[in-house]
file data.cif (mmCIF, C-alpha atoms)
data_coords
#
loop_
_atom_site.group_PDB
_atom_site.id
_atom_site.type_symbol
_atom_site.label_atom_id
_atom_site.label_comp_id
_atom_site.auth_asym_id
_atom_site.auth_seq_id
_atom_site.Cartn_x
_atom_site.Cartn_y
_atom_site.Cartn_z
ATOM 1 C CA MET A 151 -9.123 -20.625 4.986
ATOM 2 C CA GLU A 152 -8.689 -17.624 7.259
ATOM 3 C CA LEU A 153 -6.773 -15.737 4.584
ATOM 4 C CA ALA A 154 -9.463 -16.468 1.995
ATOM 5 C CA LEU A 155 -12.176 -15.116 4.305
ATOM 6 C CA LEU A 156 -10.088 -12.062 5.100
ATOM 7 C CA VAL A 157 -9.490 -11.298 1.415
ATOM 8 C CA TYR A 158 -13.150 -11.895 0.597
ATOM 9 C CA GLY A 159 -14.237 -9.515 3.349
ATOM 10 C CA ILE A 160 -11.712 -6.839 2.418
ATOM 11 C CA LEU A 161 -12.607 -6.974 -1.276
ATOM 12 C CA HIS A 162 -16.276 -6.466 -0.463
ATOM 13 C CA LEU A 163 -15.533 -3.563 1.889
ATOM 14 C CA LEU A 164 -13.112 -1.685 -0.395
ATOM 15 C CA PRO A 165 -15.656 -0.043 -2.718
ATOM 16 C CA ALA A 166 -17.815 1.009 0.240
ATOM 17 C CA ALA A 167 -14.794 2.425 2.072
ATOM 18 C CA VAL A 168 -13.675 4.394 -0.981
ATOM 19 C CA GLN A 169 -17.159 5.829 -1.451
ATOM 20 C CA PHE A 170 -17.518 6.664 2.247
ATOM 21 C CA PHE A 171 -14.170 8.442 2.565
ATOM 22 C CA GLY A 172 -14.597 10.173 -0.784
ATOM 23 C CA TRP A 173 -18.103 11.516 -0.142
ATOM 24 C CA VAL A 174 -17.432 12.513 3.452
ATOM 25 C CA GLY A 175 -14.249 14.265 2.323
ATOM 26 C CA VAL A 176 -16.047 16.171 -0.420
ATOM 27 C CA ILE A 177 -18.865 17.185 1.948
ATOM 28 C CA LEU A 178 -16.355 18.401 4.531
ATOM 29 C CA LEU A 179 -14.515 20.387 1.862
ATOM 30 C CA LEU A 180 -17.795 21.997 0.801
ATOM 31 C CA ILE A 181 -18.599 22.859 4.427
ATOM 32 C CA ALA A 182 -15.118 24.389 4.765
ATOM 33 C CA LEU A 183 -15.803 26.464 1.651
ATOM 34 C CA VAL A 184 -19.118 27.687 3.082
ATOM 35 C CA TYR A 185 -17.483 28.642 6.382
ATOM 36 C CA TYR A 186 -14.672 30.416 4.535
ATOM 37 C CA ILE A 187 -17.088 32.383 2.366
ATOM 38 C CA GLU A 188 -19.143 33.269 5.444
ATOM 39 C CA SER A 189 -16.017 34.483 7.250
ATOM 40 C CA ILE A 190 -15.162 36.722 4.282
ATOM 41 C CA HIS A 191 -18.648 38.264 4.203
ATOM 42 C CA ASN A 192 -18.859 38.635 7.989
ATOM 43 C CA ARG A 193 -16.375 41.474 8.525
ATOM 44 C CA THR A 194 -18.294 43.154 11.337
ATOM 45 C CA ASN A 195 -17.207 41.054 14.312
ATOM 46 C CA ASP A 196 -13.575 40.001 14.611
ATOM 47 C CA ASP A 197 -14.224 37.134 17.048
ATOM 48 C CA THR A 198 -16.820 35.583 14.757
ATOM 49 C CA GLU A 199 -14.570 35.948 11.739
ATOM 50 C CA ILE A 200 -11.651 34.258 13.504
ATOM 51 C CA ALA A 201 -13.888 31.438 14.740
ATOM 52 C CA LEU A 202 -15.276 30.868 11.240
ATOM 53 C CA LEU A 203 -11.789 30.819 9.749
ATOM 54 C CA LYS A 204 -10.592 28.294 12.345
ATOM 55 C CA THR A 205 -13.637 26.134 11.705
ATOM 56 C CA SER A 206 -13.153 26.293 7.949
ATOM 57 C CA LYS A 207 -9.499 25.282 8.337
ATOM 58 C CA LYS A 208 -10.460 22.273 10.473
ATOM 59 C CA PHE A 209 -13.096 21.127 7.996
ATOM 60 C CA PHE A 210 -10.693 21.665 5.102
ATOM 61 C CA TRP A 211 -7.871 19.574 6.561
ATOM 62 C CA ILE A 212 -10.167 16.786 7.735
ATOM 63 C CA GLY A 213 -11.897 16.723 4.325
ATOM 64 C CA ALA A 214 -8.554 16.707 2.515
ATOM 65 C CA ALA A 215 -7.370 13.817 4.684
ATOM 66 C CA MET A 216 -10.567 11.851 3.966
ATOM 67 C CA CYS A 217 -10.183 12.400 0.201
ATOM 68 C CA THR A 218 -6.524 11.338 0.407
ATOM 69 C CA ILE A 219 -7.504 8.141 2.211
ATOM 70 C CA ALA A 220 -10.110 7.457 -0.482
ATOM 71 C CA ILE A 221 -7.439 7.839 -3.153
ATOM 72 C CA ILE A 222 -4.854 5.687 -1.337
ATOM 73 C CA ILE A 223 -7.155 2.701 -0.672
ATOM 74 C CA PRO A 224 -6.084 -0.004 -3.146
ATOM 75 C CA GLY A 225 -8.434 -1.431 -5.747
ATOM 76 C CA LYS A 226 -9.431 -5.059 -6.204
ATOM 77 C CA LYS A 227 -6.629 -5.829 -8.651
ATOM 78 C CA THR A 228 -3.973 -4.363 -6.355
ATOM 79 C CA THR A 229 -5.401 -6.270 -3.408
ATOM 80 C CA TYR A 230 -5.279 -9.534 -5.338
ATOM 81 C CA LEU A 231 -1.655 -8.813 -6.311
ATOM 82 C CA MET A 232 -0.709 -8.095 -2.694
ATOM 83 C CA VAL A 233 -2.371 -11.292 -1.475
ATOM 84 C CA GLY A 234 -0.677 -13.301 -4.233
ATOM 85 C CA ALA A 235 2.708 -11.856 -3.281
ATOM 86 C CA TYR A 236 2.047 -12.653 0.381
ATOM 87 C CA ILE A 237 1.109 -16.251 -0.424
ATOM 88 C CA GLY A 238 4.154 -16.615 -2.690
ATOM 89 C CA GLN A 239 6.418 -15.291 0.040
ATOM 90 C CA ASN A 240 4.961 -17.774 2.533
ATOM 91 C CA VAL A 241 5.455 -20.653 0.094
ATOM 92 C CA VAL A 242 9.076 -19.691 -0.537
ATOM 93 C CA THR A 243 9.711 -19.293 3.195
ATOM 94 C CA SER A 244 8.184 -22.659 4.026
ATOM 95 C CA VAL A 245 10.118 -24.365 1.224
ATOM 96 C CA ALA A 246 13.360 -22.640 2.245
ATOM 97 C CA ASN A 247 13.001 -24.006 5.769
ATOM 98 C CA SER A 248 12.534 -27.605 4.648
ATOM 99 C CA GLU A 249 15.083 -30.417 4.579
ATOM 100 C CA THR A 250 14.527 -31.016 0.864
ATOM 101 C CA TYR A 251 15.517 -27.424 0.102
ATOM 102 C CA ASP A 252 18.759 -27.841 2.056
ATOM 103 C CA LYS A 253 19.669 -30.999 0.133
ATOM 104 C CA ALA A 254 18.767 -29.446 -3.221
ATOM 105 C CA SER A 255 20.754 -26.299 -2.522
ATOM 106 C CA LYS A 256 23.840 -28.340 -1.559
ATOM 107 C CA VAL A 257 23.635 -30.397 -4.765
ATOM 108 C CA LEU A 258 23.046 -27.289 -6.873
ATOM 109 C CA SER A 259 25.920 -25.353 -5.311
ATOM 110 C CA LYS A 260 28.201 -28.374 -5.812
ATOM 111 C CA LYS A 261 27.274 -28.551 -9.532
ATOM 112 C CA ILE A 262 27.752 -24.803 -9.964
ATOM 113 C CA ASN A 263 31.167 -24.934 -8.290
ATOM 114 C CA GLU A 264 32.223 -27.837 -10.543
ATOM 115 C CA GLU A 265 31.198 -25.903 -13.657
ATOM 116 C CA LEU A 266 33.014 -22.772 -12.470
ATOM 117 C CA ASP A 267 36.139 -24.796 -11.743
ATOM 118 C CA LYS A 268 36.018 -26.250 -15.275
ATOM 119 C CA MET A 269 35.688 -22.757 -16.733
ATOM 120 C CA LEU A 270 38.668 -21.544 -14.718
ATOM 121 C CA GLU A 271 40.770 -24.526 -15.788
ATOM 122 C CA ASP A 272 39.859 -23.904 -19.457
ATOM 123 C CA LYS A 273 40.872 -20.235 -19.151
ATOM 124 C CA GLN A 274 44.166 -21.128 -17.475
ATOM 125 C CA ASP A 275 44.915 -23.751 -20.141
ATOM 126 C CA GLY A 276 44.146 -21.192 -22.834
ATOM 127 C CA LYS A 277 46.633 -18.677 -21.380
ATOM 128 C CA LYS A 278 49.532 -21.158 -21.318
#
call {"tool": "encode", "arguments": {"input": "data.cif", "output": "structure tokens"}}
result
Amino acid sequence: MELALLVYGILHLLPAAVQFFGWVGVILLLIALVYYIESIHNRTNDDTEIALLKTSKKFFWIGAAMCTIAIIIPGKKTTYLMVGAYIGQNVVTSVANSETYDKASKVLSKKINEELDKMLEDKQDGKK
């Protein structure tokens, strides 16, 4: 039940998170562009120009990071696949730790060994 609620909550937050990070990233990139253009046109004062360039670099890298996060966030289909793989892994782990699995694996390995022994005997008889 907890996993179902978690998946439900995540799937409803994903589109909003992608839009938030994407729009904030684009806005920060535009602000960085404005600061960069202003620093190019403001060639009279060196301190102001350096400050504008530093500010534009900060906005650029933060905006680029936000856009990257927006791109990396998985979609609904990918999220469903990840949850399905997680549930499958838990099922296999719980089955592998059970007594029935131990008995079945012993019987199966015994049958496989018998068949391999027969194949080896047939090959050895064929060589003689």
call {"tool": "resolve_selection", "arguments": {"input": "data.cif", "expression": "the PyMOL selection byres ((chain A and resi 162-173) around 7)", "output": "NGL selection string"}}
result
:A and (158-161 or 174-177 or 216-217 or 219-220 or 223)
call {"tool": "write_last_selection", "arguments": {"input": "data.cif", "atoms": "C-alpha atoms", "output": "mmCIF file, keeping the file's coordinate frame"}}
result
data_model
loop_
_atom_site.group_PDB
_atom_site.id
_atom_site.type_symbol
_atom_site.label_atom_id
_atom_site.label_comp_id
_atom_site.auth_asym_id
_atom_site.auth_seq_id
_atom_site.Cartn_x
_atom_site.Cartn_y
_atom_site.Cartn_z
ATOM 1 C CA TYR A 158 -13.150 -11.895 0.597
ATOM 2 C CA GLY A 159 -14.237 -9.515 3.349
ATOM 3 C CA ILE A 160 -11.712 -6.839 2.418
ATOM 4 C CA LEU A 161 -12.607 -6.974 -1.276
ATOM 5 C CA VAL A 174 -17.432 12.513 3.452
ATOM 6 C CA GLY A 175 -14.249 14.265 2.323
ATOM 7 C CA VAL A 176 -16.047 16.171 -0.420
ATOM 8 C CA ILE A 177 -18.865 17.185 1.948
ATOM 9 C CA MET A 216 -10.567 11.851 3.966
ATOM 10 C CA CYS A 217 -10.183 12.400 0.201
ATOM 11 C CA ILE A 219 -7.504 8.141 2.211
ATOM 12 C CA ALA A 220 -10.110 7.457 -0.482
ATOM 13 C CA ILE A 223 -7.155 2.701 -0.672
#
call {"tool": "closest_residue", "arguments": {"input": "data.cif", "among": "A:Ala215, A:Val184, A:Val241, A:Leu231", "to": "Val157 of chain A", "atoms": "all atoms listed in the file"}}
result
A:Leu231
call {"tool": "closest_residue", "arguments": {"input": "data.cif", "among": "A:Tyr185, A:Glu199, A:Ile222, A:Val233", "to": "Leu156 of chain A", "atoms": "all atoms listed in the file"}}
result
A:Val233
call {"tool": "decode", "arguments": {"input": "data.cif", "residues": "segment 220-238 of chain A", "atoms": "C-alpha atoms", "output": "PDB file, in the first residue's frame"}}
result
ATOM      1  CA  ALA A 220      14.158  18.892 -16.191  1.00  0.00           C
ATOM      2  CA  ILE A 221      15.515  16.693 -18.972  1.00  0.00           C
ATOM      3  CA  ILE A 222      16.732  13.925 -16.633  1.00  0.00           C
ATOM      4  CA  ILE A 223      13.472  13.545 -14.665  1.00  0.00           C
ATOM      5  CA  PRO A 224      11.878  10.307 -15.915  1.00  0.00           C
ATOM      6  CA  GLY A 225       8.467  10.216 -17.552  1.00  0.00           C
ATOM      7  CA  LYS A 226       5.435   8.229 -16.443  1.00  0.00           C
ATOM      8  CA  LYS A 227       6.278   5.194 -18.567  1.00  0.00           C
ATOM      9  CA  THR A 228       9.842   5.031 -17.246  1.00  0.00           C
ATOM     10  CA  THR A 229       8.591   5.404 -13.689  1.00  0.00           C
ATOM     11  CA  TYR A 230       6.137   2.549 -14.150  1.00  0.00           C
ATOM     12  CA  LEU A 231       8.939   0.384 -15.585  1.00  0.00           C
ATOM     13  CA  MET A 232      11.212   1.177 -12.636  1.00  0.00           C
ATOM     14  CA  VAL A 233       8.476   0.364 -10.123  1.00  0.00           C
ATOM     15  CA  GLY A 234       7.666  -2.876 -11.956  1.00  0.00           C
ATOM     16  CA  ALA A 235      11.332  -3.884 -11.905  1.00  0.00           C
ATOM     17  CA  TYR A 236      11.532  -3.065  -8.194  1.00  0.00           C
ATOM     18  CA  ILE A 237       8.452  -5.159  -7.420  1.00  0.00           C
ATOM     19  CA  GLY A 238       9.773  -8.026  -9.558  1.00  0.00           C
TER      20      GLY A 238
END
